[in-house]
>>> print(open('run_27.pdb').read())   # PDB, C-alpha atoms
MODEL        1
ATOM      1  CA  MET W 518     120.147  -9.400  60.692
ATOM      2  CA  SER W 519     119.455  -9.482  64.394
ATOM      3  CA  ASP W 520     123.212  -9.562  65.086
ATOM      4  CA  GLN W 521     123.688  -6.466  62.923
ATOM      5  CA  ASN W 522     120.831  -4.721  64.741
ATOM      6  CA  ASP W 523     122.515  -5.485  68.055
ATOM      7  CA  LEU W 524     125.792  -4.053  66.765
ATOM      8  CA  ASP W 525     124.055  -0.933  65.463
ATOM      9  CA  ARG W 526     122.221  -0.407  68.754
ATOM     10  CA  HIS W 527     125.465  -0.843  70.673
ATOM     11  CA  ALA W 528     127.290   1.645  68.422
ATOM     12  CA  ALA W 529     124.492   4.219  68.824
ATOM     13  CA  LYS W 530     124.472   3.736  72.604
ATOM     14  CA  MET W 531     128.256   4.168  72.848
ATOM     15  CA  ALA W 532     128.184   7.254  70.595
ATOM     16  CA  LYS W 533     125.571   8.825  72.879
ATOM     17  CA  LYS W 534     127.617   7.923  75.951
ATOM     18  CA  LYS W 535     130.770   9.385  74.410
ATOM     19  CA  ALA W 536     129.011  12.649  73.574
ATOM     20  CA  ALA W 537     127.784  12.948  77.157
ATOM     21  CA  ARG W 538     131.245  12.092  78.485
ATOM     22  CA  ASP W 539     132.936  14.632  76.208
ATOM     23  CA  LYS W 540     130.520  17.311  77.381
ATOM     24  CA  ILE W 541     131.388  16.573  81.022
ATOM     25  CA  MET W 542     135.134  16.474  80.308
ATOM     26  CA  ALA W 543     134.981  19.870  78.618
ATOM     27  CA  THR W 544     134.115  21.406  81.993
ATOM     28  CA  LYS W 545     137.095  19.824  83.803
ATOM     29  CA  THR W 546     140.661  21.012  84.368
ATOM     30  CA  ASP W 547     143.882  19.104  84.918
ATOM     31  CA  GLN W 548     145.635  22.004  86.591
ATOM     32  CA  LYS W 549     145.081  21.583  90.321
ATOM     33  CA  GLY W 550     147.357  20.288  93.025
ATOM     34  CA  LEU W 551     145.414  17.606  94.892
ATOM     35  CA  ILE W 552     145.337  16.520  98.515
ATOM     36  CA  ILE W 553     145.158  12.736  98.288
ATOM     37  CA  VAL W 554     144.465  10.358 101.177
ATOM     38  CA  HIS W 555     145.026   6.591 101.228
ATOM     39  CA  THR W 556     143.582   5.063 104.372
ATOM     40  CA  GLY W 557     141.746   1.968 105.633
ATOM     41  CA  LYS W 558     142.706  -1.402 107.084
ATOM     42  CA  GLY W 559     143.535  -3.035 103.770
ATOM     43  CA  LYS W 560     146.976  -3.430 102.208
ATOM     44  CA  GLY W 561     148.126  -1.118  99.449
ATOM     45  CA  LYS W 562     148.046   2.414 100.866
ATOM     46  CA  SER W 563     151.747   3.150 100.576
ATOM     47  CA  SER W 564     152.125   0.872  97.550
ATOM     48  CA  ALA W 565     149.566   2.908  95.592
ATOM     49  CA  ALA W 566     151.157   6.178  96.717
ATOM     50  CA  PHE W 567     154.595   5.034  95.572
ATOM     51  CA  GLY W 568     153.028   4.111  92.248
ATOM     52  CA  MET W 569     152.165   7.792  91.798
ATOM     53  CA  ILE W 570     155.661   8.838  92.857
ATOM     54  CA  PHE W 571     157.106   6.552  90.182
ATOM     55  CA  ARG W 572     154.742   8.094  87.642
ATOM     56  CA  CYS W 573     156.105  11.518  88.572
ATOM     57  CA  ILE W 574     159.644  10.196  88.193
ATOM     58  CA  ALA W 575     158.764   8.783  84.761
ATOM     59  CA  HIS W 576     157.455  12.209  83.703
ATOM     60  CA  ARG W 577     160.562  13.911  85.160
ATOM     61  CA  MET W 578     158.405  15.767  87.650
ATOM     62  CA  PRO W 579     160.373  16.666  90.813
ATOM     63  CA  SER W 580     158.892  14.921  93.842
ATOM     64  CA  ALA W 581     159.697  13.958  97.420
ATOM     65  CA  VAL W 582     158.916  11.349 100.060
ATOM     66  CA  VAL W 583     158.896  11.709 103.837
ATOM     67  CA  GLN W 584     158.437   8.494 105.822
ATOM     68  CA  PHE W 585     156.960   9.285 109.227
ATOM     69  CA  ILE W 586     157.018   5.831 110.828
ATOM     70  CA  LYS W 587     159.023   3.287 108.858
ATOM     71  CA  GLY W 588     162.604   3.644 109.964
ATOM     72  CA  GLY W 589     165.027   0.761 109.925
ATOM     73  CA  MET W 590     162.581  -1.417 107.998
ATOM     74  CA  GLU W 591     163.679  -2.549 104.554
ATOM     75  CA  CYS W 592     161.951  -0.639 101.777
ATOM     76  CA  GLY W 593     162.420  -1.544  98.125
ATOM     77  CA  GLU W 594     160.966   1.752  96.895
ATOM     78  CA  ARG W 595     163.452   3.725  98.990
ATOM     79  CA  ASP W 596     166.360   1.679  97.628
ATOM     80  CA  VAL W 597     165.342   2.205  93.996
ATOM     81  CA  ILE W 598     164.687   5.925  94.409
ATOM     82  CA  THR W 599     167.832   6.761  96.385
ATOM     83  CA  GLU W 600     170.076   4.653  94.155
ATOM     84  CA  HIS W 601     168.674   5.635  90.760
ATOM     85  CA  PHE W 602     166.379   8.669  90.954
ATOM     86  CA  SER W 603     167.736  10.902  93.719
ATOM     87  CA  ASP W 604     168.141  13.688  91.149
ATOM     88  CA  ILE W 605     164.371  13.893  90.639
ATOM     89  CA  CYS W 606     162.934  12.557  93.927
ATOM     90  CA  GLN W 607     164.153  13.457  97.408
ATOM     91  CA  PHE W 608     163.672  10.739 100.026
ATOM     92  CA  TYR W 609     163.689  11.217 103.806
ATOM     93  CA  THR W 610     163.143   8.419 106.293
ATOM     94  CA  MET W 611     162.424  10.279 109.520
ATOM     95  CA  GLY W 612     160.668   7.683 111.666
ATOM     96  CA  GLU W 613     162.324   4.979 113.746
ATOM     97  CA  GLY W 614     159.661   2.298 113.535
ATOM     98  CA  PHE W 615     156.134   1.655 114.740
ATOM     99  CA  THR W 616     155.309   2.941 118.204
ATOM    100  CA  TRP W 617     154.969  -0.550 119.689
ATOM    101  CA  GLU W 618     158.559  -1.191 118.590
ATOM    102  CA  THR W 619     160.158   2.059 119.741
ATOM    103  CA  GLN W 620     158.232   2.161 123.054
ATOM    104  CA  ASP W 621     159.423   5.732 123.545
ATOM    105  CA  LYS W 622     156.588   8.205 123.095
ATOM    106  CA  ALA W 623     158.681  11.321 123.657
ATOM    107  CA  ARG W 624     161.162  10.215 121.003
ATOM    108  CA  ASP W 625     158.332   9.267 118.608
ATOM    109  CA  ILE W 626     156.807  12.735 118.996
ATOM    110  CA  GLU W 627     160.178  14.383 118.442
ATOM    111  CA  MET W 628     160.799  12.402 115.269
ATOM    112  CA  ALA W 629     157.276  12.971 113.926
ATOM    113  CA  GLN W 630     157.578  16.701 114.438
ATOM    114  CA  ALA W 631     160.981  16.737 112.724
ATOM    115  CA  ALA W 632     159.420  14.830 109.830
ATOM    116  CA  TRP W 633     156.589  17.377 109.615
ATOM    117  CA  GLU W 634     159.080  20.261 109.510
ATOM    118  CA  LYS W 635     160.887  18.559 106.629
ATOM    119  CA  ALA W 636     157.542  17.878 104.918
ATOM    120  CA  LYS W 637     156.555  21.543 105.139
ATOM    121  CA  GLU W 638     159.891  22.577 103.646
ATOM    122  CA  LEU W 639     159.400  20.202 100.714
ATOM    123  CA  ILE W 640     155.760  21.157 100.128
ATOM    124  CA  ARG W 641     156.573  24.876 100.172
ATOM    125  CA  ASP W 642     159.004  24.389  97.296
ATOM    126  CA  PRO W 643     156.848  24.801  94.160
ATOM    127  CA  GLU W 644     159.391  22.774  92.164
ATOM    128  CA  ASN W 645     158.131  19.637  93.909
ATOM    129  CA  ARG W 646     155.056  18.514  92.022
ATOM    130  CA  MET W 647     154.209  15.689  94.444
ATOM    131  CA  VAL W 648     155.123  15.114  98.080
ATOM    132  CA  LEU W 649     154.286  11.788  99.721
ATOM    133  CA  LEU W 650     153.792  11.859 103.502
ATOM    134  CA  ASP W 651     154.026   8.145 104.150
ATOM    135  CA  GLU W 652     152.221   6.963 107.318
ATOM    136  CA  ILE W 653     151.531  10.512 108.514
ATOM    137  CA  ASN W 654     148.024   9.356 109.430
ATOM    138  CA  ILE W 655     149.572   7.097 112.078
ATOM    139  CA  ALA W 656     151.460  10.035 113.584
ATOM    140  CA  LEU W 657     148.233  12.049 113.591
ATOM    141  CA  ARG W 658     146.255   9.171 115.083
ATOM    142  CA  TYR W 659     148.601   9.030 118.091
ATOM    143  CA  ASP W 660     148.556  12.840 118.384
ATOM    144  CA  TYR W 661     152.273  13.121 117.683
ATOM    145  CA  LEU W 662     151.250  16.003 115.433
ATOM    146  CA  ASP W 663     148.488  18.586 115.756
ATOM    147  CA  VAL W 664     145.949  17.748 113.055
ATOM    148  CA  GLN W 665     144.748  21.346 112.862
ATOM    149  CA  ASP W 666     148.295  22.502 112.198
ATOM    150  CA  VAL W 667     148.539  20.033 109.302
ATOM    151  CA  VAL W 668     145.139  21.071 107.931
ATOM    152  CA  ASP W 669     145.879  24.790 108.169
ATOM    153  CA  PHE W 670     149.233  24.376 106.458
ATOM    154  CA  LEU W 671     147.820  22.355 103.562
ATOM    155  CA  ILE W 672     145.018  24.858 103.037
ATOM    156  CA  THR W 673     147.101  28.023 103.268
ATOM    157  CA  GLU W 674     150.641  27.154 102.185
ATOM    158  CA  LYS W 675     150.509  24.278  99.701
ATOM    159  CA  PRO W 676     151.376  25.638  96.243
ATOM    160  CA  PRO W 677     148.439  25.478  93.808
ATOM    161  CA  LEU W 678     149.940  22.800  91.559
ATOM    162  CA  THR W 679     151.558  20.580  94.189
ATOM    163  CA  HIS W 680     150.005  17.204  94.956
ATOM    164  CA  VAL W 681     150.309  15.980  98.557
ATOM    165  CA  VAL W 682     149.617  12.336  99.393
ATOM    166  CA  LEU W 683     148.908  11.259 102.983
ATOM    167  CA  THR W 684     148.906   7.547 103.805
ATOM    168  CA  GLY W 685     148.120   5.394 106.830
ATOM    169  CA  ARG W 686     145.186   3.863 108.643
ATOM    170  CA  ASN W 687     142.576   5.851 110.524
ATOM    171  CA  ALA W 688     142.848   9.134 108.669
ATOM    172  CA  LYS W 689     141.362  11.856 110.825
ATOM    173  CA  ASP W 690     138.061  13.379 109.786
ATOM    174  CA  GLU W 691     139.690  16.795 109.473
ATOM    175  CA  ILE W 692     142.115  15.440 106.880
ATOM    176  CA  ILE W 693     139.396  13.647 104.927
ATOM    177  CA  GLU W 694     137.309  16.827 104.926
ATOM    178  CA  ILE W 695     139.946  18.897 103.094
ATOM    179  CA  ALA W 696     141.085  16.126 100.732
ATOM    180  CA  ASP W 697     140.263  16.119  97.026
ATOM    181  CA  LEU W 698     140.670  12.360  96.660
ATOM    182  CA  VAL W 699     140.186   9.775  99.412
ATOM    183  CA  THR W 700     140.583   6.035  98.950
ATOM    184  CA  GLU W 701     139.829   3.593 101.739
ATOM    185  CA  MET W 702     141.531   0.238 101.307
ATOM    186  CA  GLU W 703     139.155  -2.452 102.511
ATOM    187  CA  LEU W 704     140.550  -5.638 104.041
ATOM    188  CA  VAL W 705     138.894  -8.766 102.682
ATOM    189  CA  LYS W 706     141.650 -11.342 103.215
ATOM    190  CA  HIS W 707     145.257 -11.038 104.356
ATOM    191  CA  PRO W 708     147.931 -13.765 104.494
ATOM    192  CA  PHE W 709     149.110 -12.586 107.932
ATOM    193  CA  ARG W 710     145.925 -14.061 109.395
ATOM    194  CA  SER W 711     146.988 -17.413 107.945
ATOM    195  CA  GLY W 712     150.426 -17.212 109.535
ATOM    196  CA  VAL W 713     152.346 -15.653 106.641
ATOM    197  CA  LYS W 714     154.705 -12.810 107.520
ATOM    198  CA  ALA W 715     155.381  -9.725 105.356
ATOM    199  CA  GLN W 716     157.285 -10.752 102.252
ATOM    200  CA  GLN W 717     159.870  -9.027 100.110
ATOM    201  CA  GLY W 718     158.334  -7.740  96.896
ATOM    202  CA  VAL W 719     154.816  -7.754  98.320
ATOM    203  CA  GLU W 720     154.954  -5.633 101.452
ATOM    204  CA  PHE W 721     158.412  -4.075 101.197
TER     205      PHE W 721
ENDMDL
END
>>> encode(input="run_27.pdb", output="structure tokens")
Amino acid sequence: MSDQNDLDRHAAKMAKKKAARDKIMATKTDQKGLIIVHTGKGKGKSSAAFGMIFRCIAHRMPSAVVQFIKGGMECGERDVITEHFSDICQFYTMGEGFTWETQDKARDIEMAQAAWEKAKELIRDPENRMVLLDEINIALRYDYLDVQDVVDFLITEKPPLTHVVLTGRNAKDEIIEIADLVTEMELVKHPFRSGVKAQQGVEF
């Protein structure tokens, strides 16, 4: 009898919770283009963003990717998209590598600004439902781009239903302020600290 009482109490509790949840959901909308930020020292910022790009591809929603930093580095996501889904997702690798590798600040700035021009072109096109700006936070951190220019553009020119995803460590406060969704990846453990390099299928 006591077991049945527990089940009844649980059912009543869940019914009450569902009613409250349904009431909240009735006030929400799914028709808003979001500004999404993935930042923090932990792994998974770009990986999570590409997960959303692949969701868009699965739903046949036109999308685009601009890589601001990763240049000659191998990238499994890029290979899959360019080889199999170029009809639905445009992919532009504009960077030439991390700044400690290029060691050419003027060139890094030039490439970052070219990437931003391409990003603006893609975001302005209302056909693109999601645009991923991969590692743009790094370009902003090093002041290769003017953060206020990026903020002003996203506020004034992003189409209402377009999602824009910005990834990279150390997202600037100005970007976080205008974002609808911000996730900070927290580093707890990483194999690199134990002497393990980036591995195919995990990092790229």
>>> atom_distance(input="run_27.pdb", atom1="atom CA of W:Asp642", atom2="atom CA of W:Ala629")
20.2 Å
>>> resolve_selection(input="run_27.pdb", expression="the PyMOL selection byres ((chain W and resi 597) around 12)", output="list in words")
Phe567, Ile570, Phe571, Ile574, Glu591, Cys592, Gly593, Glu594, Arg595, Asp596, Ile598, Thr599, Glu600, His601, Phe602, Ser603, Cys606, Gln607, Phe608 and Phe721 of chain W
>>> atom_distance(input="run_27.pdb", atom1="atom CA of W:Thr544", atom2="atom CA of W:Thr700")
23.8 Å
>>> closest_residue(input="run_27.pdb", among="W:Lys714, W:Lys689, W:Asp651, W:Pro708", to="W:Ser564", atoms="all atoms listed in the file")
W:Asp651
>>> resolve_selection(input="run_27.pdb", expression="the PyMOL selection byres ((chain W and resi 648) around 10)", output="PyMOL selection string")
chain W and resi 552+566+570+579-583+606-608+636-637+639-640+645-647+649-651+679-683
>>> closest_residue(input="run_27.pdb", among="W:Ile586, W:Met578, W:Ala623, W:Ala656", to="W:Glu644", atoms="only C-alpha atoms")
W:Met578
>>> closest_residue(input="run_27.pdb", among="W:Glu638, W:Met531, W:Glu652, W:Ile695", to="W:Leu551", atoms="all atoms listed in the file")
W:Ile695
>>> residues_near_point(input="run_27.pdb", point="(141.7, 9.7, 103.0)", cutoff="6 Å", atoms="all atoms listed in the file", output="PyMOL selection string")
chain W and resi 554-556+688+693+699-700
>>> atom_distance(input="run_27.pdb", atom1="atom CA of W:Lys635", atom2="atom CA of W:Asp604")
17.8 Å
>>> closest_residue(input="run_27.pdb", among="W:Asp520, W:Asp697, W:Asp547, W:Glu627", to="W:Asp660", atoms="only C-alpha atoms")
W:Glu627
>>> closest_residue(input="run_27.pdb", among="W:Lys675, W:Glu720, W:Asp669, W:Leu704", to="W:Lys549", atoms="only C-alpha atoms")
W:Lys675
